[in-house]
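Shown next: run-v5.pdb, given as PDB, C-alpha atoms, pLDDT in the B column.
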```pdb
ATOM      1  CA  MET Q 264     186.383  25.509  81.918  1.00 33.00           C
ATOM      2  CA  ARG Q 265     188.734  27.837  83.779  1.00 35.00           C
ATOM      3  CA  LEU Q 266     190.322  28.885  80.476  1.00 33.00           C
ATOM      4  CA  GLN Q 267     186.877  29.699  79.062  1.00 35.00           C
ATOM      5  CA  ARG Q 268     186.006  31.805  82.122  1.00 34.00           C
ATOM      6  CA  THR Q 269     189.357  33.631  81.895  1.00 34.00           C
ATOM      7  CA  PHE Q 270     188.770  34.247  78.187  1.00 33.00           C
ATOM      8  CA  ALA Q 271     185.231  35.584  78.854  1.00 34.00           C
ATOM      9  CA  VAL Q 272     186.513  37.964  81.531  1.00 33.00           C
ATOM     10  CA  ALA Q 273     189.313  39.150  79.202  1.00 37.00           C
ATOM     11  CA  ILE Q 274     186.799  39.821  76.422  1.00 38.00           C
ATOM     12  CA  ALA Q 275     184.527  41.702  78.834  1.00 37.00           C
ATOM     13  CA  ALA Q 276     187.466  43.780  80.106  1.00 38.00           C
ATOM     14  CA  SER Q 277     188.537  44.705  76.583  1.00 37.00           C
ATOM     15  CA  ALA Q 278     184.932  45.553  75.682  1.00 38.00           C
ATOM     16  CA  ILE Q 279     184.668  47.799  78.726  1.00 36.00           C
ATOM     17  CA  SER Q 280     187.927  49.544  77.867  1.00 36.00           C
ATOM     18  CA  ILE Q 281     186.385  50.665  74.570  1.00 35.00           C
ATOM     19  CA  GLY Q 282     183.042  51.550  76.148  1.00 39.00           C
ATOM     20  CA  LEU Q 283     180.893  48.524  75.340  1.00 35.00           C
ATOM     21  CA  LYS Q 284     178.602  46.890  77.875  1.00 37.00           C
ATOM     22  CA  ALA Q 285     180.117  43.814  79.446  1.00 34.00           C
ATOM     23  CA  THR Q 286     178.726  40.406  78.563  1.00 30.00           C
ATOM     24  CA  VAL Q 287     179.888  38.962  81.889  1.00 28.00           C
ATOM     25  CA  ALA Q 288     177.515  40.030  84.663  1.00 27.00           C
ATOM     26  CA  GLU Q 289     179.666  41.509  87.404  1.00 26.00           C
ATOM     27  CA  PRO Q 290     178.158  44.260  89.588  1.00 27.00           C
ATOM     28  CA  ALA Q 291     181.473  46.120  89.926  1.00 26.00           C
ATOM     29  CA  VAL Q 292     181.665  46.514  86.136  1.00 26.00           C
ATOM     30  CA  GLN Q 293     178.153  47.789  85.478  1.00 33.00           C
ATOM     31  CA  GLY Q 294     178.829  51.488  86.226  1.00 33.00           C
ATOM     32  CA  ALA Q 295     182.080  51.568  84.261  1.00 30.00           C
ATOM     33  CA  ALA Q 296     180.486  49.968  81.210  1.00 43.00           C
ATOM     34  CA  ALA Q 297     178.421  53.031  80.262  1.00 59.00           C
ATOM     35  CA  GLY Q 298     179.866  54.242  76.967  1.00 88.00           C
ATOM     36  CA  ILE Q 299     177.954  57.555  76.824  1.00 92.00           C
ATOM     37  CA  THR Q 300     179.111  59.968  79.515  1.00 92.00           C
ATOM     38  CA  PRO Q 301     179.371  63.763  79.841  1.00 92.00           C
ATOM     39  CA  THR Q 302     183.159  63.429  79.398  1.00 93.00           C
ATOM     40  CA  ALA Q 303     183.471  60.950  76.518  1.00 93.00           C
ATOM     41  CA  LEU Q 304     181.660  58.802  73.988  1.00 93.00           C
ATOM     42  CA  ALA Q 305     183.022  55.234  73.835  1.00 92.00           C
ATOM     43  CA  ALA Q 306     186.144  56.435  75.699  1.00 93.00           C
ATOM     44  CA  VAL Q 307     186.888  59.298  73.256  1.00 95.00           C
ATOM     45  CA  GLY Q 308     186.465  62.824  74.553  1.00 94.00           C
ATOM     46  CA  ILE Q 309     187.099  66.388  73.463  1.00 95.00           C
ATOM     47  CA  GLY Q 310     190.826  67.028  73.094  1.00 95.00           C
ATOM     48  CA  ALA Q 311     191.753  63.434  72.230  1.00 96.00           C
ATOM     49  CA  THR Q 312     194.526  62.977  69.673  1.00 97.00           C
ATOM     50  CA  PRO Q 313     194.149  60.891  66.490  1.00 97.00           C
ATOM     51  CA  ALA Q 314     196.467  58.273  68.037  1.00 97.00           C
ATOM     52  CA  GLN Q 315     194.217  57.995  71.104  1.00 96.00           C
ATOM     53  CA  VAL Q 316     191.129  57.592  68.907  1.00 95.00           C
ATOM     54  CA  ARG Q 317     192.827  54.875  66.827  1.00 95.00           C
ATOM     55  CA  GLU Q 318     193.905  53.120  70.018  1.00 94.00           C
ATOM     56  CA  ARG Q 319     190.337  53.080  71.381  1.00 92.00           C
ATOM     57  CA  TRP Q 320     188.278  52.653  68.180  1.00 92.00           C
ATOM     58  CA  GLY Q 321     190.780  50.965  65.853  1.00 91.00           C
ATOM     59  CA  PRO Q 322     191.883  52.111  62.396  1.00 93.00           C
ATOM     60  CA  PRO Q 323     189.347  54.338  60.611  1.00 94.00           C
ATOM     61  CA  THR Q 324     187.684  53.222  57.396  1.00 94.00           C
ATOM     62  CA  GLN Q 325     188.046  56.723  55.924  1.00 94.00           C
ATOM     63  CA  ILE Q 326     189.837  59.970  56.595  1.00 95.00           C
ATOM     64  CA  GLN Q 327     187.565  62.758  55.402  1.00 94.00           C
ATOM     65  CA  ARG Q 328     188.962  66.165  54.474  1.00 93.00           C
ATOM     66  CA  THR Q 329     186.198  67.509  52.209  1.00 89.00           C
ATOM     67  CA  GLY Q 330     182.995  69.149  53.388  1.00 85.00           C
ATOM     68  CA  LEU Q 331     184.594  70.362  56.609  1.00 87.00           C
ATOM     69  CA  ARG Q 332     185.889  73.752  57.641  1.00 88.00           C
ATOM     70  CA  SER Q 333     189.424  74.825  56.805  1.00 91.00           C
ATOM     71  CA  GLY Q 334     192.002  72.943  58.894  1.00 92.00           C
ATOM     72  CA  GLU Q 335     189.605  70.189  59.946  1.00 94.00           C
ATOM     73  CA  TYR Q 336     189.595  66.485  59.118  1.00 95.00           C
ATOM     74  CA  ALA Q 337     187.587  63.512  60.352  1.00 96.00           C
ATOM     75  CA  LEU Q 338     188.318  59.897  61.152  1.00 96.00           C
ATOM     76  CA  VAL Q 339     185.228  58.010  59.960  1.00 95.00           C
ATOM     77  CA  TYR Q 340     184.008  54.666  61.315  1.00 94.00           C
ATOM     78  CA  PRO Q 341     180.882  53.769  59.271  1.00 90.00           C
ATOM     79  CA  ASN Q 342     180.205  50.356  60.857  1.00 85.00           C
ATOM     80  CA  ALA Q 343     180.291  49.155  64.444  1.00 80.00           C
ATOM     81  CA  THR Q 344     182.592  46.209  65.109  1.00 77.00           C
ATOM     82  CA  PHE Q 345     183.553  44.198  68.168  1.00 73.00           C
ATOM     83  CA  PHE Q 346     186.587  46.461  68.505  1.00 70.00           C
ATOM     84  CA  GLY Q 347     184.954  49.852  68.020  1.00 77.00           C
ATOM     85  CA  PRO Q 348     181.725  51.796  67.509  1.00 86.00           C
ATOM     86  CA  ALA Q 349     180.309  53.472  64.407  1.00 91.00           C
ATOM     87  CA  GLY Q 350     180.716  57.223  64.233  1.00 93.00           C
ATOM     88  CA  TYR Q 351     183.248  59.912  63.462  1.00 95.00           C
ATOM     89  CA  VAL Q 352     185.640  62.264  65.194  1.00 96.00           C
ATOM     90  CA  ILE Q 353     186.430  65.704  63.760  1.00 95.00           C
ATOM     91  CA  PHE Q 354     189.833  67.177  64.543  1.00 97.00           C
ATOM     92  CA  ARG Q 355     191.094  70.750  64.458  1.00 94.00           C
ATOM     93  CA  GLY Q 356     194.719  71.450  65.352  1.00 94.00           C
ATOM     94  CA  GLY Q 357     195.360  67.762  66.042  1.00 95.00           C
ATOM     95  CA  ARG Q 358     192.723  67.528  68.782  1.00 96.00           C
ATOM     96  CA  ALA Q 359     189.174  66.133  68.744  1.00 96.00           C
ATOM     97  CA  MET Q 360     186.604  68.912  68.681  1.00 95.00           C
ATOM     98  CA  HIS Q 361     183.470  66.910  67.731  1.00 94.00           C
ATOM     99  CA  VAL Q 362     182.752  63.266  68.586  1.00 95.00           C
ATOM    100  CA  ASN Q 363     179.739  61.434  67.146  1.00 94.00           C
ATOM    101  CA  LEU Q 364     178.438  57.911  67.830  1.00 93.00           C
ATOM    102  CA  ARG Q 365     175.843  56.128  65.745  1.00 93.00           C
ATOM    103  CA  LEU Q 366     174.010  53.717  68.002  1.00 92.00           C
ATOM    104  CA  TYR Q 367     172.552  51.243  65.463  1.00 87.00           C
ATOM    105  CA  GLY Q 368     173.820  47.780  66.313  1.00 82.00           C
ATOM    106  CA  SER Q 369     175.675  49.063  69.372  1.00 84.00           C
ATOM    107  CA  ARG Q 370     175.313  48.211  73.048  1.00 85.00           C
ATOM    108  CA  LEU Q 371     176.567  51.619  74.198  1.00 89.00           C
ATOM    109  CA  ALA Q 372     174.346  53.414  76.689  1.00 91.00           C
ATOM    110  CA  THR Q 373     174.221  56.139  79.321  1.00 93.00           C
ATOM    111  CA  ARG Q 374     174.573  55.227  82.985  1.00 91.00           C
ATOM    112  CA  LYS Q 375     170.757  55.215  83.150  1.00 93.00           C
ATOM    113  CA  GLY Q 376     170.483  52.701  80.294  1.00 91.00           C
ATOM    114  CA  ASP Q 377     169.576  55.034  77.426  1.00 93.00           C
ATOM    115  CA  GLY Q 378     170.970  53.467  74.247  1.00 92.00           C
ATOM    116  CA  GLU Q 379     169.843  52.454  70.781  1.00 93.00           C
ATOM    117  CA  GLY Q 380     166.071  52.671  70.392  1.00 94.00           C
ATOM    118  CA  THR Q 381     165.326  54.516  73.643  1.00 95.00           C
ATOM    119  CA  THR Q 382     162.130  56.528  73.231  1.00 96.00           C
ATOM    120  CA  ILE Q 383     161.972  60.264  73.848  1.00 96.00           C
ATOM    121  CA  ALA Q 384     159.516  59.702  76.727  1.00 95.00           C
ATOM    122  CA  ARG Q 385     161.883  57.282  78.490  1.00 96.00           C
ATOM    123  CA  PHE Q 386     164.868  59.573  77.856  1.00 96.00           C
ATOM    124  CA  ARG Q 387     162.957  62.579  79.267  1.00 96.00           C
ATOM    125  CA  ALA Q 388     161.982  60.541  82.341  1.00 96.00           C
ATOM    126  CA  HIS Q 389     165.672  59.798  82.975  1.00 96.00           C
ATOM    127  CA  TRP Q 390     166.923  63.294  82.066  1.00 95.00           C
ATOM    128  CA  PRO Q 391     164.206  65.877  82.870  1.00 95.00           C
ATOM    129  CA  SER Q 392     166.733  68.705  82.507  1.00 95.00           C
ATOM    130  CA  ALA Q 393     167.413  67.818  78.848  1.00 96.00           C
ATOM    131  CA  ARG Q 394     166.595  70.763  76.600  1.00 94.00           C
ATOM    132  CA  LYS Q 395     164.761  70.316  73.284  1.00 94.00           C
ATOM    133  CA  VAL Q 396     166.796  72.132  70.617  1.00 91.00           C
ATOM    134  CA  GLY Q 397     165.030  70.946  67.475  1.00 87.00           C
ATOM    135  CA  PRO Q 398     162.802  68.199  66.123  1.00 90.00           C
ATOM    136  CA  GLY Q 399     164.106  64.997  67.705  1.00 91.00           C
ATOM    137  CA  LEU Q 400     167.144  66.812  69.163  1.00 92.00           C
ATOM    138  CA  TYR Q 401     167.868  67.157  72.874  1.00 95.00           C
ATOM    139  CA  ASP Q 402     170.968  68.334  74.674  1.00 93.00           C
ATOM    140  CA  LEU Q 403     172.523  68.067  78.106  1.00 94.00           C
ATOM    141  CA  PRO Q 404     175.569  69.915  79.447  1.00 93.00           C
ATOM    142  CA  ALA Q 405     178.846  68.099  78.873  1.00 92.00           C
ATOM    143  CA  TRP Q 406     181.760  68.035  81.290  1.00 91.00           C
ATOM    144  CA  HIS Q 407     184.059  69.935  78.932  1.00 90.00           C
ATOM    145  CA  PRO Q 408     183.309  73.705  79.077  1.00 91.00           C
ATOM    146  CA  GLY Q 409     181.559  75.011  75.966  1.00 92.00           C
ATOM    147  CA  TYR Q 410     180.237  71.599  74.872  1.00 95.00           C
ATOM    148  CA  VAL Q 411     176.917  69.759  75.053  1.00 94.00           C
ATOM    149  CA  LEU Q 412     175.846  66.152  74.645  1.00 95.00           C
ATOM    150  CA  MET Q 413     173.404  66.104  71.727  1.00 93.00           C
ATOM    151  CA  PHE Q 414     170.944  63.217  71.446  1.00 95.00           C
ATOM    152  CA  LEU Q 415     169.261  62.581  68.069  1.00 93.00           C
ATOM    153  CA  PHE Q 416     165.978  60.649  67.980  1.00 96.00           C
ATOM    154  CA  ILE Q 417     164.521  59.198  64.765  1.00 94.00           C
ATOM    155  CA  PRO Q 418     160.715  58.762  64.603  1.00 92.00           C
ATOM    156  CA  TYR Q 419     159.692  55.141  65.312  1.00 90.00           C
ATOM    157  CA  ASP Q 420     163.351  54.111  65.822  1.00 93.00           C
ATOM    158  CA  GLY Q 421     164.173  56.070  68.981  1.00 95.00           C
ATOM    159  CA  LEU Q 422     167.651  57.214  69.983  1.00 96.00           C
ATOM    160  CA  ALA Q 423     169.939  56.947  66.953  1.00 94.00           C
ATOM    161  CA  SER Q 424     173.082  58.955  67.696  1.00 94.00           C
ATOM    162  CA  VAL Q 425     174.888  61.008  70.318  1.00 95.00           C
ATOM    163  CA  SER Q 426     177.440  63.798  69.819  1.00 94.00           C
ATOM    164  CA  LEU Q 427     179.796  65.847  71.941  1.00 95.00           C
ATOM    165  CA  ILE Q 428     179.493  69.174  70.145  1.00 92.00           C
ATOM    166  CA  THR Q 429     179.588  72.919  70.755  1.00 91.00           C
ATOM    167  CA  PRO Q 430     176.216  74.709  70.877  1.00 88.00           C
ATOM    168  CA  GLN Q 431     177.363  76.876  67.942  1.00 86.00           C
ATOM    169  CA  ASP Q 432     178.076  73.807  65.788  1.00 85.00           C
ATOM    170  CA  LEU Q 433     174.804  72.262  66.908  1.00 81.00           C
ATOM    171  CA  THR Q 434     172.917  75.329  65.695  1.00 79.00           C
ATOM    172  CA  SER Q 435     174.851  76.091  62.508  1.00 74.00           C
ATOM    173  CA  CYS Q 436     175.603  72.569  61.328  1.00 67.00           C
ATOM    174  CA  ILE Q 437     172.956  70.202  62.602  1.00 63.00           C
ATOM    175  CA  ILE Q 438     169.829  72.319  62.924  1.00 60.00           C
ATOM    176  CA  GLN Q 439     170.323  74.618  59.927  1.00 57.00           C
ATOM    177  CA  HIS Q 440     172.030  72.235  57.465  1.00 54.00           C
ATOM    178  CA  GLY Q 441     171.105  68.756  58.667  1.00 60.00           C
ATOM    179  CA  SER Q 442     174.700  67.633  59.234  1.00 57.00           C
ATOM    180  CA  CYS Q 443     178.092  68.979  60.107  1.00 53.00           C
TER     181      CYS Q 443
END
```

The structure given in the file should be rewritten as structure tokens.
Amino acid sequence: MRLQRTFAVAIAASAISIGLKATVAEPAVQGAAAGITPTALAAVGIGATPAQVRERWGPPTQIQRTGLRSGEYALVYPNATFFGPAGYVIFRGGRAMHVNLRLYGSRLATRKGDGEGTTIARFRAHWPSARKVGPGLYDLPAWHPGYVLMFLFIPYDGLASVSLITPQDLTSCIIQHGSC
């Protein structure tokens, strides 16, 4: 029994370290378990190195070099696993400059509980200062200067993804072209 409890706490601690909600109910862990923060998404923030991303999210399924701007590449994680979330991180000059999380099948959430499937009305109640920037798109200021947290809502599905992105990329890539 003690071994099982130790194992459960170890699993919860490793899940928290990569930004997942803990499965062991401990009040001291609840605040730290939020994987969507103004500084990072699932423990990966702006300026992270590829080694740091691999350490936190595991090995990528793909390394994408096409369809991006000159000098950029992306580590792509198409499916969420126990060890890491689904999403991608775009690098320029060896540092993360765009972090995206897909929330389907994930337990990641903001400190106010906004995660997969959250409705726009509930999100707006929690974050009244969020600015609507397009159909189903809202943003909040991020901690890193020159960046915003972008929240994408899909009709009837609710909150689907979150990105740490510059307002310029949000406008030119997401709003005008549908993706970055």

Selection: 7 Å around Thr373 of chain Q, all atoms listed in the file, excl. self and same-chain fewer than 3 positions, as an mmCIF file with C-alpha atoms, in the coordinates of the input:
```cif
data_model
loop_
_atom_site.group_PDB
_atom_site.id
_atom_site.type_symbol
_atom_site.label_atom_id
_atom_site.label_comp_id
_atom_site.auth_asym_id
_atom_site.auth_seq_id
_atom_site.Cartn_x
_atom_site.Cartn_y
_atom_site.Cartn_z
ATOM 1 C CA ALA Q 297 178.421 53.031 80.262
ATOM 2 C CA GLY Q 298 179.866 54.242 76.967
ATOM 3 C CA ILE Q 299 177.954 57.555 76.824
ATOM 4 C CA THR Q 300 179.111 59.968 79.515
ATOM 5 C CA GLY Q 376 170.483 52.701 80.294
ATOM 6 C CA ASP Q 377 169.576 55.034 77.426
ATOM 7 C CA GLY Q 378 170.970 53.467 74.247
#
```

task = Considering only C-alpha atoms, return as a PyMOL selection string whatever protein or nucleic-acid residues lie within 9 Å of Ser369 of chain Q, sequence-local ones (same chain, fewer than 3 positions apart) excluded.
result = chain Q and resi 283+343-344+348-349+365-366+372+378-379

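For the choices Q:Gly347, Q:Trp406, Q:Val352, Q:Arg370, the atom-to-atom distance to Ile326 of chain Q is smallest for Q:Val352 when using only C-alpha atoms.
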
request  = Name the residues that the PyMOL selection byres ((chain Q and resi 423) around 7) picks from the file above, as number ranges by chain, using the file's chain letters and numbers.
outcome  = Q: 365-367, 379-380, 415-417, 421-422, 424

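You will find atom CA of Phe414 of chain Q at 20.3 Å from atom CA of Gly310 of chain Q.
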
request  = For Tyr410 of chain Q, work out the shell of residues within 9 Å, counting all atoms listed in the file and skipping chain neighbours fewer than 3 positions away, then give it as a ChimeraX atom specification.
outcome  = /Q:309,404-407,427-430

request  = Could you tell me how far atom CA of Leu412 of chain Q lies from atom CA of Gly308 of chain Q, in Å and to one decimal?
outcome  = 11.1 Å

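Among the candidate residues Q:Phe346, Q:Phe354, Q:Phe386, Q:Tyr401, the one lying nearest to Pro313 of chain Q is Q:Phe354, with distances computed using all atoms listed in the file.
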
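Compared by their closest atoms to Ile353 of chain Q, and using only C-alpha atoms, the residues Q:Arg374, Q:Leu433, Q:Trp320, Q:Ala311 rank with Q:Ala311 nearest.
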
key: Point-to-point distance in Å for atom CA of Ala393 of chain Q and atom CA of Ala306 of chain Q   = 22.1 Å

inquiry  = Taking the file as I've supplied it (selection: the PyMOL selection byres ((chain Q and resi 325) around 7)), which residues are included? Please answer as JSON, numbers by chain.
reply    = {"Q": [323, 324, 326, 327, 338, 339]}

ask   = Smallest atom-to-atom distance to Leu400 of chain Q: which of Q:Ala388, Q:Val316, Q:Ala337, Q:Met413, using all atoms listed in the file?
value = Q:Met413

inquiry  = Given only C-alpha atoms as the basis, pick out the residue of Q:Val411, Q:Arg355, Q:Ile383, Q:Gln315 nearest to Leu331 of chain Q.
reply    = Q:Arg355

ask   = Written as JSON, numbers by chain, what is the full residue list that the PyMOL selection byres ((chain Q and resi 356) around 10) yields on the file shown?
value = {"Q": [310, 312, 334, 335, 336, 354, 355, 357, 358, 359, 360]}

request  = Name the closest residue to Arg317 of chain Q among the candidates Q:Asp420, Q:Asp432, Q:Val425, Q:Tyr351; distances are taken between atoms, counting only C-alpha atoms.
outcome  = Q:Tyr351

ask   = Can you find the residues with an atom no farther than 7 Å from (168.1, 66.4, 79.3), counting all atoms listed in the file, and report them as JSON, numbers by chain?
value = {"Q": [387, 390, 391, 392, 393, 394, 401, 402, 403]}
